[in-house]
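So the structure is just underneath, and the comments pick up after that.
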Amino acid sequence: MNKLKKGQSLLRHKLIGFFLIAVVLFWIKTYIGYRVEFNLGIESKMQEFLLFINPVSSAMFIFGLALLARGKKAYKWIIGLNFVMSFLLYANIMYYRFFSDFITLPTLTQTKNAGDLGQSITALMNPYDFMYFLDTVILLGLYLFKTVKVETGRMNRRKVAVIFACAVAIFSVNLGLAEQDRPQLLKKTFDRNYIVKYLGMYNYTVYDAIQNTKTYAQRATANSSDIAEVVNYTKATTASPNPEYFGKAEGKNIIYLHLESIQNFIIDYKLNGEEVTPFLNSLSDSKDFMYFDNFFHQTGQGKTADAEFMLENSLFGLPQGAAFTTQSQNTFQSAPAILGQKGYTSAVFHGNYKSFWNRDKMYKALGFNQFFDASYYDMNEDDVMNYGLKDKPFFEESIPLIESLEQPFYAKFISLSNHFPYPLDQEEATIEKHTTGDSSVDNYFQTARYADEALEQFFNYLKESGLYDNSVIIMYGDHYGISDNHNAAMSQVLGKEVNKFENTQLQRVPLLIHVPGVEGGDMHQYGGQIDLMPTMLHLLGVDTKDYVQFGSDLLSKEHREVVPFRNGDFITPNYTVLKGKNYDTNTGELVEENEEIIQDQKMAQTMLEFSDKVVNGDLLRFYTPNGFKPIDPANYEYTNNEEETVSEK
């Protein structure tokens, strides 16, 4: 009997030993991944300590589930769970390398986009990435080569309970210390970096799932009373139109040119003494265009889709995922819907397939009459990049399509070529790469030049056809092209250190607006993509006071110059507020919080929270402005009757 007990004790010791090896290896790997891959903004020894310990409770709890199994299954489960957790870590690493953000539950609905991202994914990989699965390989080797002797039997449930209790205790200590360092951590932030920094990536994943479950429940529980507070707010904060501009473009066509990944620093930038974007530079200096040099993108995880969402609705993108993929069933009061009821034909032109970003469904909800996707273009191998048709053939082949539209029209052209990882056949390059040693940054200048040349060719057509003189032309950068993962290279590009403050200033994107008969020039007011829709509608003479819009007319004397970012940070002409730190926008120096900052912070948070309430609850189904007829998506169909069988990518 004593020998039997000793044998069972040895078995338990071996299983616990295997379990502890798995926990320790995973703990070390995760911490190394945190430090190497993520820019979490560690600012104190306490934060460093929390970052170090936070993988432990997750590993103990998840791997502890395997201890409930008997014999060989327990070992296999540990190995399997280790692989799943390792895959989750690596998936977040890959996502972060491009987006500087973490995967959320709604982003998993965007996986159908991955088929077009092959070149980008390859560019994100590093030779050492196999290390993130090395512990799985070690555990598998220990099991297969019988370095650890596996015997039948089940671990005592009390001991398993002790392991779970230890995991919960460690997490409780972790959470308590985090709350001391960052009070109301789980209530007061839109920023996922905080959650990962304090509680760890795996606990963040659980937190995200809980938050999104609550979000999905908002639509089911929403009712007509929920919209009243929002309507009162938007009516009270609507910026009155400027008489100098209101209605100056009445009856004109609207042409939006969506400039992929173009940031404002590229305007007038010279590489080796040569202008990178000479055509855009000429427009920014022209009296034919209003050039807004303090205009910011406000996108979140949806990037391009978020930019479109704000452009068409004056609603913010969501804090997780993209409304294009998760809220296409909603009721919207969008620009194409509003203008469509005033005699406008609406269309989108895009050299990718209509399912990308769920556009075929969302555009119907927005009320677009036509969607000219890849099926309308010659997608031959020479003219296609991994994201779709190159800009030059795209604009050239769009000419007969735009000529098919009845005027006045509302048209949006979405360019593609200037997209990460910025590949370009060198025979098409007309400027040298930069020399920072960072390939993404260095290539950016060549694809930006290519995009600039494509725009110039299209403008030549607009002028020759007469559309230039009969159209409002609005060009805007959709989001950053170079993330903060490349700050070291950008420091070389700009000749100064690019820190958090400077990186925020780099979130400026170009906005250029041409209104026939209206003199342009430099416009210095602060604004963001949320402001485009009311600005455009006021130019056309459309009063917006009854619509639920969170932007304000950039040309209004009442325009509010508080620009919220999706993570809760914001910028004004006076202050830049980043993760609770306040900077002087003009000098970059830290300043103390004051009443102006407090009020601006309240405004930014209110706008984001009310917008999320509208989108998540689908509240516009309960409110219809006078004279507006809700859109029925069933009335729209995007089928190219002339197309032959197109293989979906």
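Ordered as shown in the structure tokens, chains take letters A, B, and onward, while each chain numbers its residues from 1 and ligands are numbered from 1 in the order shown.
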- Message: Taking 6 positions as the minimum chain separation for residues in the same chain, which residues sit within 7 Å of Ala489 in chain A when counting only C-alpha atoms? Answer as an NGL selection string.
- Response: :A and (436 or 438 or 441)
Write out, as an mmCIF file, in the first residue's frame, the residues just selected, with N, CA and C atoms.
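File written: again_22.cif
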```cif
data_model
loop_
_atom_site.group_PDB
_atom_site.id
_atom_site.type_symbol
_atom_site.label_atom_id
_atom_site.label_comp_id
_atom_site.auth_asym_id
_atom_site.auth_seq_id
_atom_site.Cartn_x
_atom_site.Cartn_y
_atom_site.Cartn_z
ATOM 1 N N THR A 436 16.361 54.990 -44.788
ATOM 2 C CA THR A 436 16.368 54.820 -43.331
ATOM 3 C C THR A 436 16.769 53.407 -42.925
ATOM 4 N N ASP A 438 14.523 51.048 -42.940
ATOM 5 C CA ASP A 438 13.219 50.463 -42.651
ATOM 6 C C ASP A 438 12.478 50.357 -43.982
ATOM 7 N N VAL A 441 9.038 52.212 -44.512
ATOM 8 C CA VAL A 441 9.185 53.662 -44.611
ATOM 9 C C VAL A 441 9.862 54.039 -45.921
#
```
Which range 536-647 of chain A residues have any atom within 8 Å of an atom of range 213-219 of chain A, and for each, what is the nearest pair of atoms with distance in Å to one decimal, counting only C-alpha atoms, rows sorted by chain and number, as a tab-separated table?
```
residue	atom	partner	partner_atom	distance
A:Asn616	CA	A:Arg219	CA	6.0
A:Gly617	CA	A:Arg219	CA	3.9
A:Asp618	CA	A:Arg219	CA	6.0
```
- What gap, in Å, lies between CA of Thr147 in chain A and CA of Ala66 in chain A? 19.2 Å
Using only C-alpha atoms, find each residue in range 326-361 of chain A having at least one atom no more than 12 Å away from range 627-633 of chain A; report its shortest atom-to-atom pair and that distance in Å (one decimal), rows by chain then rising number, as a tab-separated table.
```
residue	atom	partner	partner_atom	distance
A:Ser328	CA	A:Pro633	CA	9.7
A:Gln329	CA	A:Pro633	CA	8.8
A:Asn330	CA	A:Pro633	CA	10.1
A:Thr331	CA	A:Ile631	CA	7.3
A:Phe332	CA	A:Ile631	CA	7.5
A:Gln333	CA	A:Pro630	CA	7.3
A:Ser334	CA	A:Ile631	CA	9.2
A:Ala335	CA	A:Phe628	CA	11.5
A:Pro336	CA	A:Ile631	CA	10.1
A:Ala337	CA	A:Ile631	CA	6.9
A:Ile338	CA	A:Phe628	CA	7.0
A:Leu339	CA	A:Phe628	CA	10.1
A:Gly340	CA	A:Ile631	CA	10.1
A:Gln341	CA	A:Phe628	CA	7.5
A:Lys342	CA	A:Phe628	CA	9.9
A:Asp360	CA	A:Pro633	CA	10.4
A:Lys361	CA	A:Pro633	CA	8.1
```
Suppose we keep all heavy atoms; can you now write the selection as a tab-separated table (two decimals), in the first residue's frame?
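Dumped everything to result.tsv:
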```tsv
chain	number	residue	atom	x	y	z
A	328	SER	N	-23.78	46.50	-40.45
A	328	SER	CA	-24.36	46.79	-41.76
A	328	SER	C	-25.88	46.61	-41.78
A	328	SER	O	-26.54	46.99	-42.75
A	328	SER	CB	-23.72	45.91	-42.84
A	328	SER	OG	-23.94	44.54	-42.57
A	329	GLN	N	-26.44	46.03	-40.73
A	329	GLN	CA	-27.90	45.87	-40.65
A	329	GLN	C	-28.56	47.11	-40.06
A	329	GLN	O	-29.79	47.19	-40.03
A	329	GLN	CB	-28.25	44.64	-39.79
A	329	GLN	CG	-28.14	44.85	-38.28
A	329	GLN	CD	-26.71	44.86	-37.76
A	329	GLN	OE1	-25.78	44.61	-38.52
A	329	GLN	NE2	-26.53	45.13	-36.48
A	330	ASN	N	-27.77	48.08	-39.63
A	330	ASN	CA	-28.31	49.27	-38.97
A	330	ASN	C	-29.06	50.19	-39.94
A	330	ASN	O	-28.90	50.11	-41.15
A	330	ASN	CB	-27.18	50.07	-38.32
A	330	ASN	CG	-26.77	49.52	-36.97
A	330	ASN	OD1	-27.06	48.37	-36.65
A	330	ASN	ND2	-26.08	50.32	-36.18
A	331	THR	N	-29.81	51.11	-39.35
A	331	THR	CA	-30.44	52.21	-40.09
A	331	THR	C	-29.50	53.41	-40.03
A	331	THR	O	-29.01	53.77	-38.95
A	331	THR	CB	-31.79	52.58	-39.46
A	331	THR	OG1	-32.67	51.46	-39.57
A	331	THR	CG2	-32.41	53.78	-40.16
A	332	PHE	N	-29.24	54.02	-41.18
A	332	PHE	CA	-28.34	55.18	-41.24
A	332	PHE	C	-29.03	56.34	-41.95
A	332	PHE	O	-29.95	56.15	-42.75
A	332	PHE	CB	-27.04	54.83	-41.98
A	332	PHE	CG	-26.22	53.78	-41.29
A	332	PHE	CD1	-26.20	52.48	-41.76
A	332	PHE	CD2	-25.48	54.08	-40.15
A	332	PHE	CE1	-25.44	51.50	-41.13
A	332	PHE	CE2	-24.72	53.11	-39.51
A	332	PHE	CZ	-24.71	51.81	-40.01
A	333	GLN	N	-28.55	57.54	-41.65
A	333	GLN	CA	-28.98	58.76	-42.35
A	333	GLN	C	-27.73	59.34	-43.01
A	333	GLN	O	-27.18	60.34	-42.60
A	333	GLN	CB	-29.62	59.73	-41.37
A	333	GLN	CG	-30.90	59.17	-40.75
A	333	GLN	CD	-31.29	59.79	-39.43
A	333	GLN	OE1	-30.75	60.83	-39.04
A	333	GLN	NE2	-32.23	59.17	-38.73
A	334	SER	N	-27.29	58.64	-44.05
A	334	SER	CA	-25.99	58.89	-44.66
A	334	SER	C	-26.04	59.96	-45.73
A	334	SER	O	-27.12	60.35	-46.21
A	334	SER	CB	-25.47	57.59	-45.27
A	334	SER	OG	-26.34	57.18	-46.31
A	335	ALA	N	-24.87	60.40	-46.15
A	335	ALA	CA	-24.78	61.42	-47.20
A	335	ALA	C	-25.42	60.95	-48.51
A	335	ALA	O	-26.20	61.70	-49.11
A	335	ALA	CB	-23.32	61.82	-47.41
A	336	PRO	N	-25.11	59.74	-49.02
A	336	PRO	CA	-25.77	59.33	-50.27
A	336	PRO	C	-27.28	59.21	-50.14
A	336	PRO	O	-28.02	59.46	-51.10
A	336	PRO	CB	-25.13	57.97	-50.59
A	336	PRO	CG	-24.49	57.51	-49.33
A	336	PRO	CD	-24.11	58.74	-48.59
A	337	ALA	N	-27.77	58.85	-48.95
A	337	ALA	CA	-29.22	58.74	-48.73
A	337	ALA	C	-29.86	60.13	-48.73
A	337	ALA	O	-30.90	60.36	-49.37
A	337	ALA	CB	-29.50	58.02	-47.43
A	338	ILE	N	-29.24	61.06	-48.01
A	338	ILE	CA	-29.77	62.43	-47.94
A	338	ILE	C	-29.78	63.07	-49.32
A	338	ILE	O	-30.78	63.64	-49.76
A	338	ILE	CB	-28.95	63.28	-46.95
A	338	ILE	CG1	-29.14	62.75	-45.52
A	338	ILE	CG2	-29.34	64.75	-47.03
A	338	ILE	CD1	-28.17	63.36	-44.51
A	339	LEU	N	-28.65	62.97	-50.04
A	339	LEU	CA	-28.55	63.60	-51.36
A	339	LEU	C	-29.38	62.85	-52.40
A	339	LEU	O	-29.87	63.47	-53.35
A	339	LEU	CB	-27.08	63.68	-51.78
A	339	LEU	CG	-26.20	64.58	-50.92
A	339	LEU	CD1	-24.76	64.57	-51.42
A	339	LEU	CD2	-26.74	66.00	-50.90
A	340	GLY	N	-29.52	61.53	-52.23
A	340	GLY	CA	-30.34	60.77	-53.16
A	340	GLY	C	-31.78	61.23	-53.16
A	340	GLY	O	-32.48	61.14	-54.18
A	341	GLN	N	-32.25	61.75	-52.01
A	341	GLN	CA	-33.61	62.25	-51.91
A	341	GLN	C	-33.72	63.70	-52.35
A	341	GLN	O	-34.77	64.32	-52.25
A	341	GLN	CB	-34.11	62.04	-50.48
A	341	GLN	CG	-34.23	60.56	-50.14
A	341	GLN	CD	-34.52	60.27	-48.68
A	341	GLN	OE1	-35.15	61.07	-48.00
A	341	GLN	NE2	-34.08	59.11	-48.20
A	342	LYS	N	-32.58	64.22	-52.84
A	342	LYS	CA	-32.55	65.58	-53.40
A	342	LYS	C	-32.10	65.55	-54.86
A	342	LYS	O	-31.63	66.55	-55.40
A	342	LYS	CB	-31.63	66.47	-52.57
A	342	LYS	CG	-32.12	66.65	-51.13
A	342	LYS	CD	-31.23	67.57	-50.34
A	342	LYS	CE	-31.73	67.69	-48.89
A	342	LYS	NZ	-33.08	68.30	-48.81
A	360	ASP	N	-20.32	45.52	-49.96
A	360	ASP	CA	-21.54	45.28	-50.72
A	360	ASP	C	-22.79	45.36	-49.85
A	360	ASP	O	-23.85	45.79	-50.30
A	360	ASP	CB	-21.48	43.94	-51.46
A	360	ASP	CG	-21.21	42.75	-50.55
A	360	ASP	OD1	-20.63	42.96	-49.47
A	360	ASP	OD2	-21.56	41.62	-50.92
A	361	LYS	N	-22.65	44.98	-48.59
A	361	LYS	CA	-23.80	45.07	-47.67
A	361	LYS	C	-23.92	46.48	-47.07
A	361	LYS	O	-25.01	47.04	-46.99
A	361	LYS	CB	-23.68	44.03	-46.56
A	361	LYS	CG	-23.84	42.59	-47.04
A	361	LYS	CD	-23.81	41.63	-45.87
A	361	LYS	CE	-24.11	40.20	-46.32
A	361	LYS	NZ	-23.10	39.67	-47.25
```
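When only C-alpha atoms are used to compute distances to Thr572 in chain A, the closest of the residues A:Lys29, A:Lys159, A:His524, A:His479 turns out to be A:His524.
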- Message: as a list of chain:residue names, please: the residues near Tyr256 in chain A (cut-off 9 Å, only C-alpha atoms, same-chain neighbours under 5 positions excluded).
- Response: A:Tyr410, A:Ala411, A:Lys412, A:Phe413, A:Ile414, A:Val472, A:Ile473, A:Ile474, A:Met475, A:Tyr476
- Selection near range 104-109 of chain A, 9 Å with only C-alpha atoms, sequence-local residues under 6 positions removed, as number ranges by chain: A: 205, 208-209, 212, 301-302, 320-323, 325-326
C-alpha atoms of the current selection, written as a short mmCIF file (atom, residue, chain, number, x, y, z; two decimals), in the first residue's frame:
```cif
data_model
loop_
_atom_site.label_atom_id
_atom_site.label_comp_id
_atom_site.auth_asym_id
_atom_site.auth_seq_id
_atom_site.Cartn_x
_atom_site.Cartn_y
_atom_site.Cartn_z
CA THR A 205 -9.03 38.84 -24.35
CA ASP A 208 -12.85 42.18 -24.52
CA ALA A 209 -15.22 39.25 -24.98
CA ASN A 212 -18.45 42.98 -26.70
CA GLN A 301 -9.29 49.29 -35.89
CA GLY A 302 -11.37 49.70 -39.05
CA GLN A 320 -13.42 47.55 -31.42
CA GLY A 321 -13.60 46.19 -34.94
CA ALA A 322 -15.28 48.02 -37.81
CA ALA A 323 -18.90 49.11 -38.10
CA THR A 325 -18.47 44.50 -40.79
CA THR A 326 -20.61 44.40 -37.65
#
```
